[in-house]
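Remarks on the structure that follows.
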Amino acid sequence: MHVRQATGSDAAALARLNEAFNGPGVADAAHIARSLEENRNEIVCIAEQDGAAVGFCCAQITESMCYPESSAEITELYVAPSARRRGAATALLRLAEQLCIGRGAAELRLLTGRDNAPARALYARMGYRPDDEAHYQKDAR
């Protein structure tokens, strides 16, 4: 298993993985390539096994006038079913964390479903803990 920061040449593979994770209608390869080039607040890591992309992790760096240090949110973490239980998720998360910390993030956070036991177990092993915040969202359209 090899993990690294993604580049524009990974856009097609990331588009396939993203659709497998998030379903049809998500960003296409062209959008992903532009985002990898232009979005300086996002870190994207990719996992490869035998030369094929099998997973990805995205993190957003956030800066606020309210706090002297930036923070980061792991926004996506996906490993294809055929590559699970081989350390890809752990390696992706570790690399994303290192890159976020390297960019000044003093805090790392993430969201996952209450019923996603495998993800919750991974995050607990990696030192994440639940907090008392309530997550809300609203469709802006």
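Convention: chains lettered A, B, ... in structure tokens order; per-chain residue numbering from 1; ligands numbered from 1 as shown.
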Any idea what's packed within 9 Å of stretch 114-130 of chain A, counting only C-alpha atoms, ignoring anything in its chain fewer than 4 positions away? Could you give it as a CSV table (one decimal) with N, CA and C atoms, in the first residue's frame?
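Written out: selection.csv:
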```
chain,number,residue,atom,x,y,z
A,89,ALA,N,-6.8,3.0,5.1
A,89,ALA,CA,-7.5,4.1,5.8
A,89,ALA,C,-6.6,4.7,6.9
A,90,THR,N,-5.9,3.9,7.7
A,90,THR,CA,-4.9,4.4,8.7
A,90,THR,C,-3.8,5.2,8.0
A,93,LEU,N,-5.2,8.6,6.6
A,93,LEU,CA,-5.5,9.5,7.7
A,93,LEU,C,-4.3,10.0,8.3
A,94,ARG,N,-3.3,9.2,8.5
A,94,ARG,CA,-2.0,9.7,9.1
A,94,ARG,C,-1.3,10.7,8.2
A,108,LEU,N,-7.7,18.9,14.8
A,108,LEU,CA,-8.2,18.1,13.7
A,108,LEU,C,-9.6,17.6,14.2
A,109,ARG,N,-10.6,17.6,13.3
A,109,ARG,CA,-11.9,17.1,13.6
A,109,ARG,C,-12.5,16.4,12.4
A,110,LEU,N,-13.5,15.6,12.6
A,110,LEU,CA,-14.2,14.9,11.5
A,110,LEU,C,-15.6,14.6,12.0
```
Distance query A:Gly25 at most 12 Å, only C-alpha atoms, self and fewer than 5 positions along chain excluded, as a PDB file with C-alpha atoms, in the first residue's frame:
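What ended up in part_36.pdb:
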```
ATOM      1  CA  ALA A  15     -13.614  10.714  -9.713  1.00  0.00           C
ATOM      2  CA  ARG A  16     -14.239   6.943  -9.867  1.00  0.00           C
ATOM      3  CA  ASN A  18     -15.647   9.533  -5.238  1.00  0.00           C
ATOM      4  CA  GLU A  19     -18.614   8.189  -7.203  1.00  0.00           C
ATOM      5  CA  ALA A  20     -18.239   4.786  -5.525  1.00  0.00           C
TER       6      ALA A  20
END
```
I'd like to know which of A:Ala134, A:Cys66, A:Leu77, A:Leu99 is closest to A:Leu14, using only C-alpha atoms.
A:Leu77
Just to confirm, what's the straight-line distance from atom CA of A:Ala59 to atom CA of A:Ala47 in Å (one decimal)?
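Separation of atom CA of A:Ala59 and atom CA of A:Ala47: 14.7 Å.
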If you run DSSP on the backbone here, which positions in chain A get strand (DSSP E)? Please write them as an NGL selection string.
:A and (2-5 or 42-49 or 52-62 or 70-79 or 105-110)
Once you have the residues from the selection above, write them out as a compact mmCIF listing (two decimals), in the first residue's frame, restricted to N, CA and C atoms.
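Final output, again_7.txt:
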```txt
# COMPACT_ATOMS: atom_id res chain seq x y z
N HIS A 2 0.63 2.14 -0.89
CA HIS A 2 1.39 3.39 -0.98
C HIS A 2 0.41 4.55 -0.89
N VAL A 3 0.69 5.52 -0.02
CA VAL A 3 -0.14 6.72 0.08
C VAL A 3 0.71 7.93 -0.22
N ARG A 4 0.07 8.93 -0.83
CA ARG A 4 0.76 10.16 -1.20
C ARG A 4 -0.26 11.26 -1.40
N GLN A 5 0.23 12.49 -1.51
CA GLN A 5 -0.66 13.59 -1.82
C GLN A 5 -1.08 13.49 -3.29
N GLU A 42 -7.57 22.85 0.62
CA GLU A 42 -7.87 21.42 0.69
C GLU A 42 -6.61 20.60 0.47
N ILE A 43 -6.50 19.54 1.25
CA ILE A 43 -5.44 18.54 1.10
C ILE A 43 -6.13 17.25 0.67
N VAL A 44 -5.64 16.63 -0.39
CA VAL A 44 -6.20 15.38 -0.88
C VAL A 44 -5.07 14.35 -0.94
N CYS A 45 -5.31 13.21 -0.31
CA CYS A 45 -4.35 12.11 -0.33
C CYS A 45 -4.98 10.93 -1.04
N ILE A 46 -4.14 10.12 -1.66
CA ILE A 46 -4.62 8.97 -2.42
C ILE A 46 -3.82 7.74 -2.01
N ALA A 47 -4.50 6.60 -1.95
CA ALA A 47 -3.86 5.32 -1.65
C ALA A 47 -3.84 4.48 -2.92
N GLU A 48 -2.71 3.82 -3.15
CA GLU A 48 -2.57 2.95 -4.31
C GLU A 48 -2.10 1.57 -3.86
N GLN A 49 -2.65 0.58 -4.52
CA GLN A 49 -2.24 -0.80 -4.28
C GLN A 49 -1.96 -1.42 -5.64
N ALA A 52 -2.86 0.73 -8.62
CA ALA A 52 -4.25 1.18 -8.82
C ALA A 52 -4.71 1.99 -7.61
N ALA A 53 -5.44 3.07 -7.87
CA ALA A 53 -5.99 3.90 -6.79
C ALA A 53 -7.10 3.12 -6.09
N VAL A 54 -7.00 3.02 -4.75
CA VAL A 54 -7.97 2.25 -3.98
C VAL A 54 -8.62 3.06 -2.86
N GLY A 55 -8.19 4.30 -2.65
CA GLY A 55 -8.79 5.10 -1.58
C GLY A 55 -8.32 6.53 -1.63
N PHE A 56 -9.04 7.37 -0.89
CA PHE A 56 -8.66 8.78 -0.81
C PHE A 56 -9.11 9.37 0.51
N CYS A 57 -8.48 10.47 0.87
CA CYS A 57 -8.82 11.22 2.07
C CYS A 57 -8.71 12.71 1.74
N CYS A 58 -9.70 13.49 2.16
CA CYS A 58 -9.69 14.93 1.94
C CYS A 58 -9.75 15.65 3.28
N ALA A 59 -9.06 16.76 3.36
CA ALA A 59 -9.08 17.59 4.57
C ALA A 59 -9.15 19.05 4.15
N GLN A 60 -9.87 19.84 4.91
CA GLN A 60 -9.99 21.27 4.67
C GLN A 60 -9.30 22.02 5.81
N ILE A 61 -8.43 22.94 5.46
CA ILE A 61 -7.77 23.81 6.44
C ILE A 61 -8.66 25.04 6.62
N THR A 62 -8.94 25.39 7.86
CA THR A 62 -9.80 26.52 8.17
C THR A 62 -9.03 27.53 9.02
N SER A 70 -4.87 27.80 12.88
CA SER A 70 -5.85 27.19 12.00
C SER A 70 -6.25 25.82 12.54
N SER A 71 -7.33 25.29 11.98
CA SER A 71 -7.78 23.95 12.31
C SER A 71 -8.01 23.21 11.00
N ALA A 72 -8.28 21.92 11.11
CA ALA A 72 -8.53 21.13 9.90
C ALA A 72 -9.67 20.17 10.16
N GLU A 73 -10.43 19.91 9.09
CA GLU A 73 -11.50 18.92 9.16
C GLU A 73 -11.26 17.86 8.10
N ILE A 74 -11.24 16.62 8.53
CA ILE A 74 -11.19 15.51 7.59
C ILE A 74 -12.61 15.41 7.03
N THR A 75 -12.77 15.69 5.76
CA THR A 75 -14.11 15.76 5.18
C THR A 75 -14.52 14.48 4.46
N GLU A 76 -13.56 13.72 3.99
CA GLU A 76 -13.87 12.48 3.26
C GLU A 76 -12.77 11.47 3.55
N LEU A 77 -13.15 10.22 3.72
CA LEU A 77 -12.20 9.11 3.84
C LEU A 77 -12.89 7.89 3.27
N TYR A 78 -12.31 7.35 2.22
CA TYR A 78 -12.92 6.20 1.55
C TYR A 78 -11.84 5.24 1.09
N VAL A 79 -12.10 3.96 1.29
CA VAL A 79 -11.25 2.89 0.75
C VAL A 79 -12.17 1.89 0.07
N ALA A 105 -2.28 23.45 11.36
CA ALA A 105 -3.51 23.08 12.05
C ALA A 105 -3.19 22.65 13.48
N ALA A 106 -3.87 23.28 14.43
CA ALA A 106 -3.69 22.96 15.85
C ALA A 106 -4.74 21.96 16.32
N GLU A 107 -5.78 21.75 15.53
CA GLU A 107 -6.87 20.85 15.90
C GLU A 107 -7.35 20.12 14.65
N LEU A 108 -7.68 18.86 14.81
CA LEU A 108 -8.24 18.05 13.73
C LEU A 108 -9.61 17.56 14.17
N ARG A 109 -10.57 17.63 13.27
CA ARG A 109 -11.90 17.13 13.59
C ARG A 109 -12.47 16.41 12.36
N LEU A 110 -13.51 15.63 12.60
CA LEU A 110 -14.18 14.91 11.52
C LEU A 110 -15.58 14.56 11.96
```
Could you check which of A:Ala33, A:Met65, A:Cys100, A:Ala91 is closest to A:Gly8, using only C-alpha atoms?
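Using only C-alpha atoms, A:Gly8 sits closest to A:Ala33.
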Filtered DSSP result for chain A, state alpha helix (DSSP H), as a VMD selection string:
chain A and resid 11 to 22 29 to 38 88 to 102 117 to 125
